[in-house]
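Next up, final-v1.cif (mmCIF, C-alpha atoms):
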data_my_file
#
loop_
_atom_site.label_atom_id
_atom_site.label_comp_id
_atom_site.auth_asym_id
_atom_site.auth_seq_id
_atom_site.Cartn_x
_atom_site.Cartn_y
_atom_site.Cartn_z
CA MET A 101 -14.70 5.81 -21.06
CA ALA A 102 -11.83 7.79 -19.57
CA GLY A 103 -10.76 7.36 -15.94
CA PRO A 104 -11.65 9.92 -13.25
CA LEU A 105 -8.22 11.59 -13.58
CA ASP A 106 -8.30 11.87 -17.37
CA GLY A 107 -6.69 15.17 -18.36
CA ILE A 108 -4.48 15.38 -15.25
CA ARG A 109 -0.75 15.50 -15.93
CA VAL A 110 1.62 14.20 -13.25
CA VAL A 111 5.34 14.94 -13.26
CA ASP A 112 6.75 12.01 -11.32
CA LEU A 113 10.29 12.08 -9.90
CA THR A 114 9.76 9.14 -7.56
CA ILE A 115 11.85 5.97 -7.36
CA ASN A 116 11.87 2.67 -5.48
CA VAL A 117 8.43 1.69 -4.08
CA LEU A 118 6.45 4.34 -2.17
CA GLY A 119 6.27 7.00 -4.86
CA PRO A 120 5.82 4.64 -7.82
CA VAL A 121 2.91 2.94 -6.03
CA ALA A 122 1.20 6.32 -5.67
CA THR A 123 1.81 7.44 -9.22
CA GLN A 124 0.76 4.09 -10.66
CA ILE A 125 -2.58 4.51 -8.90
CA LEU A 126 -2.93 7.97 -10.47
CA GLY A 127 -2.00 6.54 -13.86
CA ASP A 128 -4.48 3.68 -13.51
CA MET A 129 -7.18 6.27 -12.91
CA GLY A 130 -6.42 8.06 -16.16
CA ALA A 131 -3.67 10.57 -15.34
CA ASP A 132 -0.83 11.15 -17.79
CA VAL A 133 2.12 10.19 -15.58
CA ILE A 134 5.50 11.33 -16.88
CA LYS A 135 8.22 9.45 -15.02
CA ILE A 136 11.38 11.55 -14.88
CA GLU A 137 14.46 9.32 -14.55
CA THR A 138 18.19 9.86 -14.30
CA PRO A 139 20.31 8.33 -17.05
CA ASP A 140 20.76 5.32 -14.75
CA GLY A 141 17.02 4.96 -14.24
CA ASP A 142 14.92 3.93 -11.25
CA PRO A 143 16.90 1.36 -9.18
CA MET A 144 13.89 -0.94 -9.23
CA ARG A 145 14.57 -1.55 -12.90
CA ARG A 146 17.31 -3.92 -11.73
CA LEU A 147 15.54 -5.67 -8.82
CA GLY A 148 14.32 -9.18 -9.47
CA PRO A 149 14.10 -11.51 -12.44
CA ALA A 150 14.19 -9.95 -15.89
CA ARG A 151 14.20 -10.88 -19.57
CA HIS A 152 16.08 -7.75 -20.57
CA PRO A 153 18.31 -5.26 -18.72
CA ASP A 154 16.51 -2.50 -16.78
CA MET A 155 13.12 -4.25 -17.03
CA ALA A 156 12.98 -6.36 -13.85
CA ALA A 157 9.77 -7.80 -12.47
CA PHE A 158 9.58 -5.42 -9.51
CA PHE A 159 9.76 -2.40 -11.82
CA LEU A 160 7.18 -3.83 -14.22
CA ASN A 161 4.67 -4.24 -11.40
CA LEU A 162 5.09 -0.68 -10.09
CA ASN A 163 5.24 1.43 -13.23
CA ARG A 164 2.43 0.76 -15.67
CA ASN A 165 0.53 3.69 -17.18
CA LYS A 166 3.64 5.91 -17.18
CA ARG A 167 5.93 7.47 -19.78
CA SER A 168 9.69 7.43 -19.18
CA VAL A 169 11.67 10.64 -19.75
CA VAL A 170 15.38 10.82 -18.99
CA LEU A 171 16.68 14.19 -17.76
CA ASP A 172 19.87 15.04 -15.91
CA LEU A 173 18.60 17.61 -13.43
CA LYS A 174 22.14 18.56 -12.45
CA GLN A 175 22.55 20.07 -15.91
CA PRO A 176 20.92 23.43 -16.78
CA ASP A 177 19.22 22.08 -19.91
CA GLY A 178 17.74 19.14 -18.00
CA LEU A 179 16.43 21.30 -15.18
CA GLY A 180 15.08 23.83 -17.70
CA ALA A 181 13.15 21.11 -19.52
CA LEU A 182 11.71 19.86 -16.25
CA LEU A 183 10.53 23.31 -15.20
CA ARG A 184 8.95 23.89 -18.59
CA LEU A 185 7.15 20.57 -18.15
CA VAL A 186 6.01 21.75 -14.70
CA GLU A 187 4.17 24.61 -16.37
CA THR A 188 1.97 22.09 -18.18
CA ALA A 189 1.35 19.83 -15.18
CA ASP A 190 -1.27 19.44 -12.47
CA VAL A 191 0.83 17.41 -10.02
CA PHE A 192 4.53 17.31 -9.17
CA VAL A 193 5.56 14.44 -6.90
CA HIS A 194 8.86 13.18 -5.47
CA ASN A 195 10.13 11.06 -2.58
CA MET A 196 13.64 12.44 -2.18
CA ARG A 197 14.81 14.15 1.00
CA LEU A 198 13.70 17.77 1.10
CA PRO A 199 17.22 19.34 1.15
CA ALA A 200 18.07 17.35 -1.97
CA ALA A 201 15.04 18.77 -3.76
CA GLU A 202 16.03 22.27 -2.71
CA ARG A 203 19.60 21.81 -3.96
CA LEU A 204 18.29 20.68 -7.34
CA GLY A 205 16.09 23.76 -7.58
CA ILE A 206 12.83 21.84 -7.36
CA GLY A 207 11.67 22.65 -3.84
CA ALA A 208 8.04 23.56 -3.30
CA ALA A 209 8.58 27.33 -3.60
CA ALA A 210 10.49 27.05 -6.88
CA VAL A 211 8.02 24.66 -8.51
CA MET A 212 4.90 26.52 -7.34
CA ALA A 213 6.40 29.80 -8.55
CA ARG A 214 6.45 28.32 -12.05
CA ASN A 215 2.90 26.97 -11.71
CA PRO A 216 0.76 28.35 -8.84
CA ARG A 217 -2.03 25.85 -9.60
CA ILE A 218 0.14 22.78 -9.22
CA VAL A 219 -0.20 20.21 -6.46
CA TYR A 220 3.32 19.76 -5.08
CA ALA A 221 3.48 16.41 -3.25
CA ALA A 222 6.41 14.89 -1.39
CA ALA A 223 6.82 11.77 0.72
CA THR A 224 9.80 11.51 3.07
CA GLY A 225 10.74 9.56 6.17
CA PHE A 226 9.65 12.03 8.83
CA ARG A 227 7.70 15.25 9.37
CA LYS A 228 9.35 18.27 7.84
CA ASP A 229 8.99 20.33 11.02
CA GLY A 230 10.83 17.83 13.27
CA LYS A 231 14.48 17.23 14.04
CA TRP A 232 14.45 14.01 12.00
CA ARG A 233 13.25 15.76 8.84
CA ASP A 234 16.45 15.01 6.92
CA ARG A 235 17.04 11.43 8.07
CA PRO A 236 16.94 8.69 5.44
CA ALA A 237 14.22 6.09 5.84
CA TYR A 238 13.31 2.80 4.22
CA ASP A 239 10.53 0.32 4.87
CA ASP A 240 12.37 -1.81 7.44
CA VAL A 241 13.45 1.27 9.39
CA ILE A 242 9.87 2.55 9.57
CA GLN A 243 8.42 -0.84 10.51
CA GLY A 244 10.88 -1.02 13.39
CA ALA A 245 10.51 2.57 14.56
CA THR A 246 6.69 2.51 14.56
CA GLY A 247 6.45 -0.60 16.77
CA ILE A 248 5.40 -3.12 14.12
CA ALA A 249 8.42 -5.40 14.49
CA ALA A 250 7.98 -5.40 18.28
CA LEU A 251 4.27 -6.20 17.95
CA ASN A 252 5.24 -9.32 16.03
CA ARG A 253 7.57 -10.25 18.90
CA ARG A 254 4.76 -9.86 21.44
CA ALA A 255 2.52 -12.07 19.35
CA SER A 256 4.97 -14.77 18.26
CA GLY A 257 8.09 -14.39 20.41
CA GLU A 258 10.33 -13.14 17.62
CA ALA A 259 10.83 -9.58 16.38
CA ARG A 260 9.92 -9.64 12.69
CA TYR A 261 9.03 -7.26 9.90
CA ILE A 262 5.81 -7.88 8.01
CA PRO A 263 7.13 -9.86 5.01
CA MET A 264 6.33 -7.22 2.40
CA ALA A 265 7.21 -3.58 1.79
CA PHE A 266 4.28 -2.68 4.00
CA ALA A 267 5.24 0.86 5.03
CA ASP A 268 6.23 1.83 1.50
CA LYS A 269 3.06 0.50 -0.11
CA PHE A 270 0.71 1.83 2.56
CA CYS A 271 2.26 5.30 2.41
CA GLY A 272 2.03 5.15 -1.38
CA TYR A 273 -1.72 4.67 -1.12
CA VAL A 274 -1.94 7.54 1.37
CA LEU A 275 0.10 9.75 -0.96
CA ALA A 276 -2.18 9.01 -3.91
CA SER A 277 -5.23 9.74 -1.76
CA ALA A 278 -3.75 13.02 -0.48
CA ILE A 279 -2.98 14.11 -4.04
CA GLY A 280 -6.57 13.41 -5.03
CA MET A 281 -7.87 15.52 -2.14
CA ALA A 282 -5.51 18.37 -3.05
CA LEU A 283 -6.73 18.27 -6.66
CA PHE A 284 -10.32 18.50 -5.40
CA ARG A 285 -9.41 21.55 -3.31
CA ARG A 286 -7.74 23.13 -6.31
CA GLU A 287 -10.90 22.68 -8.35
CA ARG A 288 -12.83 24.45 -5.59
CA THR A 289 -10.36 27.31 -5.01
CA GLY A 290 -8.24 27.57 -8.14
CA ARG A 291 -5.09 27.44 -6.01
CA GLY A 292 -2.36 24.86 -5.86
CA GLU A 293 -1.42 22.99 -2.70
CA GLU A 294 1.67 21.58 -1.02
CA VAL A 295 1.23 18.04 0.30
CA HIS A 296 3.67 16.19 2.53
CA VAL A 297 3.36 12.54 3.62
CA PRO A 298 5.86 11.49 6.33
CA MET A 299 6.31 7.72 6.45
CA PHE A 300 6.96 7.45 10.18
CA GLU A 301 3.95 9.45 11.34
CA THR A 302 1.67 7.94 8.70
CA VAL A 303 2.45 4.36 9.72
CA LEU A 304 2.51 5.24 13.43
CA SER A 305 -0.97 6.75 13.19
CA PHE A 306 -2.18 3.62 11.37
CA ASN A 307 -0.61 1.36 14.01
CA MET A 308 -2.04 3.26 16.98
CA LEU A 309 -5.70 3.10 15.91
CA GLU A 310 -6.28 -0.06 17.95
CA HIS A 311 -3.06 -0.31 19.96
CA LEU A 312 -3.37 2.83 22.12
CA TRP A 313 -5.83 0.70 24.12
CA THR A 314 -6.03 1.80 27.80
CA ALA A 315 -3.39 4.48 27.21
CA THR A 316 -6.21 6.32 25.40
CA PHE A 317 -7.68 7.31 28.76
CA ASP A 318 -4.72 7.90 31.07
CA ASP A 319 -2.24 10.03 29.15
CA GLY A 320 -0.14 7.13 27.99
CA LYS A 321 0.39 5.46 31.36
CA GLY A 322 -1.84 2.45 30.69
CA THR A 323 -1.33 -0.78 28.80
CA MET A 324 -0.84 -0.44 25.06
CA GLY A 325 -1.72 -3.20 22.63
CA TYR A 326 -5.06 -4.70 21.56
CA PRO A 327 -5.07 -8.16 23.21
CA ARG A 328 -6.87 -9.95 20.37
CA MET A 329 -4.16 -8.94 17.93
CA LEU A 330 -1.38 -10.09 20.25
CA THR A 331 -2.53 -13.54 21.35
CA GLN A 332 -0.38 -16.34 19.97
CA HIS A 333 -3.60 -18.10 18.95
CA ARG A 334 -4.55 -15.39 16.43
CA ARG A 335 -3.42 -17.27 13.39
CA PRO A 336 -4.82 -19.62 10.75
CA TYR A 337 -6.26 -22.57 12.66
CA PRO A 338 -4.76 -25.99 11.92
CA THR A 339 -7.27 -28.60 10.78
CA LYS A 340 -6.80 -32.31 10.18
CA ASP A 341 -5.54 -31.63 6.68
CA GLY A 342 -4.65 -27.95 6.44
CA HIS A 343 -5.74 -24.61 7.84
CA VAL A 344 -8.82 -22.42 7.97
CA CYS A 345 -9.17 -18.69 8.65
CA LEU A 346 -12.16 -17.17 10.40
CA LEU A 347 -13.30 -14.29 12.55
CA ALA A 348 -16.42 -14.05 14.69
CA THR A 349 -17.08 -10.72 16.42
CA THR A 350 -20.69 -10.32 17.57
CA ASP A 351 -22.38 -12.21 20.39
CA GLU A 352 -24.75 -13.79 17.89
CA GLN A 353 -21.93 -14.98 15.65
CA TRP A 354 -20.23 -16.67 18.59
CA ARG A 355 -23.48 -18.35 19.62
CA ARG A 356 -23.90 -19.78 16.14
CA LEU A 357 -20.25 -20.82 15.95
CA PHE A 358 -20.37 -22.68 19.27
CA SER A 359 -23.64 -24.32 18.26
CA VAL A 360 -22.52 -25.75 14.89
CA PHE A 361 -19.39 -27.19 16.52
CA GLY A 362 -21.46 -28.94 19.15
CA THR A 363 -20.60 -26.78 22.17
CA PRO A 364 -23.61 -24.44 22.61
CA GLU A 365 -22.97 -24.24 26.36
CA LEU A 366 -19.85 -22.14 25.75
CA ALA A 367 -22.06 -19.27 24.60
CA GLU A 368 -23.44 -19.06 28.16
CA ASP A 369 -20.01 -19.16 29.78
CA GLU A 370 -19.48 -15.76 31.40
CA ARG A 371 -15.97 -15.63 29.94
CA PHE A 372 -17.31 -15.73 26.38
CA ALA A 373 -20.85 -14.30 26.51
CA THR A 374 -19.98 -10.68 25.73
CA LEU A 375 -17.40 -8.78 23.70
CA PRO A 376 -15.63 -7.28 26.77
CA ALA A 377 -15.46 -10.71 28.41
CA ARG A 378 -14.15 -12.39 25.26
CA THR A 379 -11.47 -9.71 24.92
CA GLN A 380 -10.37 -10.28 28.51
CA HIS A 381 -10.17 -14.05 27.99
CA ILE A 382 -9.04 -14.06 24.37
CA ASP A 383 -6.16 -16.50 24.87
CA THR A 384 -8.44 -19.09 26.41
CA LEU A 385 -11.19 -18.53 23.86
CA TYR A 386 -8.95 -18.82 20.82
CA GLY A 387 -7.23 -21.86 22.35
CA LEU A 388 -10.61 -23.59 22.71
CA LEU A 389 -11.53 -22.65 19.17
CA ALA A 390 -8.27 -24.08 17.86
CA ASP A 391 -9.07 -27.37 19.61
CA LEU A 392 -12.58 -27.50 18.09
CA LEU A 393 -11.40 -26.82 14.57
CA GLY A 394 -8.50 -29.24 14.84
CA ARG A 395 -10.96 -32.13 15.12
CA HIS A 396 -12.22 -31.59 11.56
CA THR A 397 -10.90 -31.37 8.04
CA THR A 398 -10.68 -27.98 6.36
CA GLU A 399 -13.68 -28.77 4.16
CA GLU A 400 -15.75 -29.83 7.19
CA CYS A 401 -14.81 -26.66 9.07
CA ARG A 402 -15.71 -24.41 6.18
CA ARG A 403 -19.04 -26.18 5.63
CA LEU A 404 -19.95 -25.73 9.30
CA LEU A 405 -18.82 -22.12 9.32
CA ASP A 406 -20.77 -21.33 6.16
CA ALA A 407 -23.85 -22.92 7.72
CA ALA A 408 -23.44 -20.57 10.68
CA ASP A 409 -22.78 -17.58 8.36
CA ILE A 410 -19.37 -17.00 9.98
CA PRO A 411 -16.80 -15.16 7.83
CA ASN A 412 -14.18 -17.72 6.85
CA GLY A 413 -11.78 -18.63 4.10
CA PRO A 414 -8.81 -20.75 3.13
CA MET A 415 -5.19 -20.12 3.93
CA ASN A 416 -3.82 -19.71 0.43
CA GLU A 417 -0.18 -20.02 -0.48
CA LEU A 418 0.98 -17.40 -2.98
CA ASP A 419 0.97 -20.01 -5.76
CA ASP A 420 -2.58 -21.07 -4.82
CA LEU A 421 -3.91 -17.62 -5.67
CA LEU A 422 -3.11 -18.06 -9.35
CA HIS A 423 -5.59 -20.93 -9.51
CA ASP A 424 -8.12 -19.90 -6.86
CA PRO A 425 -11.63 -20.36 -8.38
CA TYR A 426 -12.89 -16.99 -7.17
CA VAL A 427 -9.79 -15.13 -8.35
CA CYS A 428 -10.05 -16.83 -11.74
CA GLU A 429 -13.76 -16.07 -11.98
CA THR A 430 -13.22 -12.34 -11.44
CA GLY A 431 -10.26 -12.20 -13.81
CA PHE A 432 -7.95 -10.63 -11.23
CA PHE A 433 -4.82 -11.96 -12.91
CA GLN A 434 -4.42 -11.41 -16.61
CA THR A 435 -1.75 -12.09 -19.18
CA VAL A 436 -0.70 -8.98 -21.09
CA SER A 437 1.66 -8.52 -24.00
CA HIS A 438 4.50 -6.06 -23.45
CA PRO A 439 6.08 -4.65 -26.62
CA THR A 440 9.59 -5.73 -25.58
CA GLU A 441 9.15 -8.05 -22.58
CA GLY A 442 6.60 -10.39 -24.12
CA ALA A 443 3.85 -12.09 -22.16
CA LEU A 444 3.58 -10.85 -18.59
CA LEU A 445 1.28 -11.83 -15.74
CA SER A 446 -0.39 -8.73 -14.34
CA THR A 447 -3.12 -7.77 -11.88
CA THR A 448 -6.25 -5.80 -12.59
CA ILE A 449 -7.17 -2.40 -11.14
CA PRO A 450 -9.10 -3.24 -7.94
CA VAL A 451 -11.02 0.04 -7.48
CA ALA A 452 -14.09 0.41 -9.69
CA PHE A 453 -15.71 3.59 -10.98
CA ALA A 454 -18.99 2.87 -12.76
CA GLY A 455 -18.95 5.92 -15.00
CA SER A 456 -15.21 6.50 -15.39
CA PRO A 457 -13.32 3.24 -14.89
CA GLY A 458 -9.58 3.05 -14.66
CA GLU A 459 -7.69 1.27 -17.41
CA ILE A 460 -4.29 -0.23 -18.09
CA ARG A 461 -3.46 1.85 -21.16
CA ARG A 462 0.26 1.17 -21.35
CA LEU A 463 2.67 -1.21 -19.66
CA ALA A 464 5.85 -0.21 -17.82
CA PRO A 465 8.09 1.90 -20.08
CA ARG A 466 11.61 1.22 -21.21
CA LEU A 467 14.16 3.66 -19.87
CA ASP A 468 14.12 6.83 -22.01
CA GLU A 469 11.27 5.48 -24.16
CA HIS A 470 9.24 8.70 -24.23
CA THR A 471 11.84 11.46 -23.83
CA ALA A 472 11.62 12.79 -27.41
CA GLU A 473 7.83 12.45 -27.45
CA VAL A 474 7.24 14.38 -24.22
CA LEU A 475 9.83 17.07 -24.95
CA ALA A 476 8.20 17.66 -28.32
CA GLU A 477 4.88 18.21 -26.53
CA ILE A 478 6.40 21.14 -24.61
CA GLY A 479 8.09 22.74 -27.60
CA TYR A 480 11.51 21.15 -27.85
CA ASN A 481 12.60 19.95 -31.28
CA HIS A 482 15.59 17.98 -30.00
CA ALA A 483 16.36 15.73 -27.09
CA THR A 484 17.48 17.57 -23.97
CA ARG A 485 19.36 15.86 -21.20
#
So, in terms of structure tokens, how does the structure I just supplied come out?
Amino acid sequence: MAGPLDGIRVVDLTINVLGPVATQILGDMGADVIKIETPDGDPMRRLGPARHPDMAAFFLNLNRNKRSVVLDLKQPDGLGALLRLVETADVFVHNMRLPAAERLGIGAAAVMARNPRIVYAAATGFRKDGKWRDRPAYDDVIQGATGIAALNRRASGEARYIPMAFADKFCGYVLASAIGMALFRRERTGRGEEVHVPMFETVLSFNMLEHLWTATFDDGKGTMGYPRMLTQHRRPYPTKDGHVCLLATTDEQWRRLFSVFGTPELAEDERFATLPARTQHIDTLYGLLADLLGRHTTEECRRLLDAADIPNGPMNELDDLLHDPYVCETGFFQTVSHPTEGALLSTTIPVAFAGSPGEIRRLAPRLDEHTAEVLAEIGYNHATR
């Protein structure tokens, strides 16, 4: 069975992380993603361990279900081939700064003039109607500017970025979602759409959902920051032989938790009896919980928590996940055979469609692998750079 985006063609000019995450999602769901690269290729081709040049691990994990076409858009023939390809496409997506796209002749107006039904999608650092519209932005810059690094300082005492390309990956998911919504609108109206995802505002909106806190009610003059997220005790709890992770939220869950750990009286303590009270005294509450859990082994804690039906789990190291019984049971990791790179460890597609499931149809392409093939599909009988 074909994926839900079977028959959709995506012209993908994205590089690095944000854009390739989005277009890989579209490809996983059945879209024909044509990755347009410069002769040097996506920089991620050279980031991380590799068996062969231009096929590094980071690139392999971001670019499955895509075809690689090399075009020099600064040359008339290259730009002409791209615009002819646009005429056959449903989606055009890039993550370059907007003035750069305009200079190349691939701004929204130019592309939509060639294909009025196309979804033109761009992701940049900041809103295109603000004074920062042309500023460069990378993940660390956005994490800092949106308050995430400072939140980590409030919680742990040290300003830190989340140790992953969080802003890039999150905005990539938002971009893929926005493209899907624009395609739905096109099916309803017959008209194309211009979509813009600004990293700063997208991550800031995500961050503020819980952290506006009392500022929600007094025009920004109150205290910002959800206390439960900022207590130093919100962390995996040390046990006698490891760590355990858990979260109780309802009054009933806390009653059961206190009971199985032999302290039922704490459920009647006015500091912990209700959600508002627990929030006000979260440091004390989580400190007490850490003391209770620290008296037991990890296995004992998890057995007690399961008995109380409290959500809990282990604190896995990255290496642990490869051998986790649940992960192995569901087949999340799989070994695939790449035509040139050999055996590779890959992840499955997490989102499931019962009637039109996604599929890993092809692994990450070699640079220039599909140029002749794709150009032939749009009427060229020779390679065009």
Which residues of segment 175-272 of chain A come within 12 Å of segment 467-473 of chain A, and what is each one's closest atom pair and distance in Å (one decimal), counting only C-alpha atoms, sorted by chain and residue number, as a Markdown table?
| residue | atom | partner | partner_atom | distance |
| --- | --- | --- | --- | --- |
| A:Gly178 | CA | A:Thr471 | CA | 11.3 |
| A:Ala181 | CA | A:Thr471 | CA | 10.6 |
| A:Leu182 | CA | A:Thr471 | CA | 11.3 |
| A:Leu185 | CA | A:Thr471 | CA | 11.7 |
Please measure the separation of atom CA of Leu393 of chain A and atom CA of Leu251 of chain A, giving the value in Å to one decimal.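 Interatomic distance here is 26.1 Å.
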Which residues would end up in the selection if the PyMOL selection byres ((chain A and resi 137-154) around 9) were applied here, given that I need the answer as an MDAnalysis selection string? chainID A and resid 112:117 135:136 155:160 162 168:173 440:442 466:468 485
Please evaluate the PyMOL selection byres ((chain A and resi 356) around 10) against the displayed coordinates and give the resulting residues as a count of residues only. 21
Which residues are near Gly130 of chain A? Cut-off 9 Å, all atoms listed in the file, ignore same chain within fewer than 2 positions. Put them as a compact mmCIF listing (two decimals) with C-alpha atoms, keeping the file's coordinate frame.
# COMPACT_ATOMS: atom_id res chain seq x y z
CA ALA A 102 -11.83 7.79 -19.57
CA GLY A 103 -10.76 7.36 -15.94
CA PRO A 104 -11.65 9.92 -13.25
CA LEU A 105 -8.22 11.59 -13.58
CA ASP A 106 -8.30 11.87 -17.37
CA GLY A 107 -6.69 15.17 -18.36
CA ILE A 108 -4.48 15.38 -15.25
CA ILE A 125 -2.58 4.51 -8.90
CA LEU A 126 -2.93 7.97 -10.47
CA GLY A 127 -2.00 6.54 -13.86
CA ASP A 128 -4.48 3.68 -13.51
CA ASP A 132 -0.83 11.15 -17.79
CA VAL A 133 2.12 10.19 -15.58
CA ASN A 165 0.53 3.69 -17.18
CA SER A 456 -15.21 6.50 -15.39
CA PRO A 457 -13.32 3.24 -14.89
CA GLY A 458 -9.58 3.05 -14.66
CA GLU A 459 -7.69 1.27 -17.41
CA ILE A 460 -4.29 -0.23 -18.09
CA ARG A 461 -3.46 1.85 -21.16
How would you write, as a list in words, the residues chosen by the PyMOL selection byres ((chain A and resi 208-224) around 7) on this structure? Val186, Glu187, Ala189, Asp190, Val191, Phe192, Val193, His194, Asn195, Met196, Arg197, Gly205, Ile206, Gly207, Gly225, Phe226, Ile279, Ala282, Leu283, Gly290, Arg291, Gly292, Glu293, Glu294, Val295, His296, Val297, Pro298 and Met299 of chain A
Please, which residues are within 12 Å of (-10.3, -25.8, 7.3) by the file's coordinates, counting only C-alpha atoms, and could they come as a PyMOL selection string? chain A and resi 336-346+390+392-406+412-416
Same residues, C-alpha atoms, saved as an mmCIF file, in the frame of the given file:
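Everything below was put into again.cif:
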data_model
loop_
_atom_site.group_PDB
_atom_site.id
_atom_site.type_symbol
_atom_site.label_atom_id
_atom_site.label_comp_id
_atom_site.auth_asym_id
_atom_site.auth_seq_id
_atom_site.Cartn_x
_atom_site.Cartn_y
_atom_site.Cartn_z
ATOM 1 C CA PRO A 336 -4.820 -19.620 10.750
ATOM 2 C CA TYR A 337 -6.260 -22.570 12.660
ATOM 3 C CA PRO A 338 -4.760 -25.990 11.920
ATOM 4 C CA THR A 339 -7.270 -28.600 10.780
ATOM 5 C CA LYS A 340 -6.800 -32.310 10.180
ATOM 6 C CA ASP A 341 -5.540 -31.630 6.680
ATOM 7 C CA GLY A 342 -4.650 -27.950 6.440
ATOM 8 C CA HIS A 343 -5.740 -24.610 7.840
ATOM 9 C CA VAL A 344 -8.820 -22.420 7.970
ATOM 10 C CA CYS A 345 -9.170 -18.690 8.650
ATOM 11 C CA LEU A 346 -12.160 -17.170 10.400
ATOM 12 C CA ALA A 390 -8.270 -24.080 17.860
ATOM 13 C CA LEU A 392 -12.580 -27.500 18.090
ATOM 14 C CA LEU A 393 -11.400 -26.820 14.570
ATOM 15 C CA GLY A 394 -8.500 -29.240 14.840
ATOM 16 C CA ARG A 395 -10.960 -32.130 15.120
ATOM 17 C CA HIS A 396 -12.220 -31.590 11.560
ATOM 18 C CA THR A 397 -10.900 -31.370 8.040
ATOM 19 C CA THR A 398 -10.680 -27.980 6.360
ATOM 20 C CA GLU A 399 -13.680 -28.770 4.160
ATOM 21 C CA GLU A 400 -15.750 -29.830 7.190
ATOM 22 C CA CYS A 401 -14.810 -26.660 9.070
ATOM 23 C CA ARG A 402 -15.710 -24.410 6.180
ATOM 24 C CA ARG A 403 -19.040 -26.180 5.630
ATOM 25 C CA LEU A 404 -19.950 -25.730 9.300
ATOM 26 C CA LEU A 405 -18.820 -22.120 9.320
ATOM 27 C CA ASP A 406 -20.770 -21.330 6.160
ATOM 28 C CA ASN A 412 -14.180 -17.720 6.850
ATOM 29 C CA GLY A 413 -11.780 -18.630 4.100
ATOM 30 C CA PRO A 414 -8.810 -20.750 3.130
ATOM 31 C CA MET A 415 -5.190 -20.120 3.930
ATOM 32 C CA ASN A 416 -3.820 -19.710 0.430
#
Starting from the sparse input, extend segment 185-199 of chain A to N, CA and C atoms and give the output as a short mmCIF file (atom, residue, chain, number, x, y, z; two decimals), keeping the file's coordinate frame.
data_model
loop_
_atom_site.label_atom_id
_atom_site.label_comp_id
_atom_site.auth_asym_id
_atom_site.auth_seq_id
_atom_site.Cartn_x
_atom_site.Cartn_y
_atom_site.Cartn_z
N LEU A 185 8.17 21.62 -18.28
CA LEU A 185 7.15 20.57 -18.15
C LEU A 185 6.23 20.86 -16.97
N VAL A 186 6.80 21.38 -15.88
CA VAL A 186 6.01 21.75 -14.70
C VAL A 186 4.90 22.72 -15.07
N GLU A 187 5.17 23.61 -15.98
CA GLU A 187 4.17 24.61 -16.37
C GLU A 187 2.94 23.99 -17.01
N THR A 188 3.08 22.78 -17.53
CA THR A 188 1.97 22.09 -18.18
C THR A 188 1.28 21.09 -17.27
N ALA A 189 1.78 20.94 -16.04
CA ALA A 189 1.35 19.83 -15.18
C ALA A 189 0.34 20.27 -14.13
N ASP A 190 -0.33 19.25 -13.58
CA ASP A 190 -1.27 19.44 -12.47
C ASP A 190 -0.67 18.98 -11.15
N VAL A 191 0.25 18.01 -11.22
CA VAL A 191 0.83 17.41 -10.02
C VAL A 191 2.32 17.24 -10.24
N PHE A 192 3.08 17.55 -9.19
CA PHE A 192 4.53 17.31 -9.17
C PHE A 192 4.79 16.48 -7.91
N VAL A 193 5.42 15.32 -8.06
CA VAL A 193 5.56 14.44 -6.90
C VAL A 193 6.96 13.85 -6.87
N HIS A 194 7.54 13.81 -5.66
CA HIS A 194 8.86 13.18 -5.47
C HIS A 194 8.92 12.54 -4.10
N ASN A 195 9.90 11.65 -3.90
CA ASN A 195 10.13 11.06 -2.58
C ASN A 195 11.60 11.13 -2.19
N MET A 196 12.27 12.20 -2.62
CA MET A 196 13.64 12.44 -2.18
C MET A 196 13.62 13.27 -0.90
N ARG A 197 14.74 13.30 -0.19
CA ARG A 197 14.81 14.15 1.00
C ARG A 197 14.68 15.62 0.60
N LEU A 198 14.04 16.39 1.46
CA LEU A 198 13.70 17.77 1.10
C LEU A 198 14.92 18.63 0.78
N PRO A 199 16.04 18.54 1.52
CA PRO A 199 17.22 19.34 1.15
C PRO A 199 17.74 19.00 -0.25
#
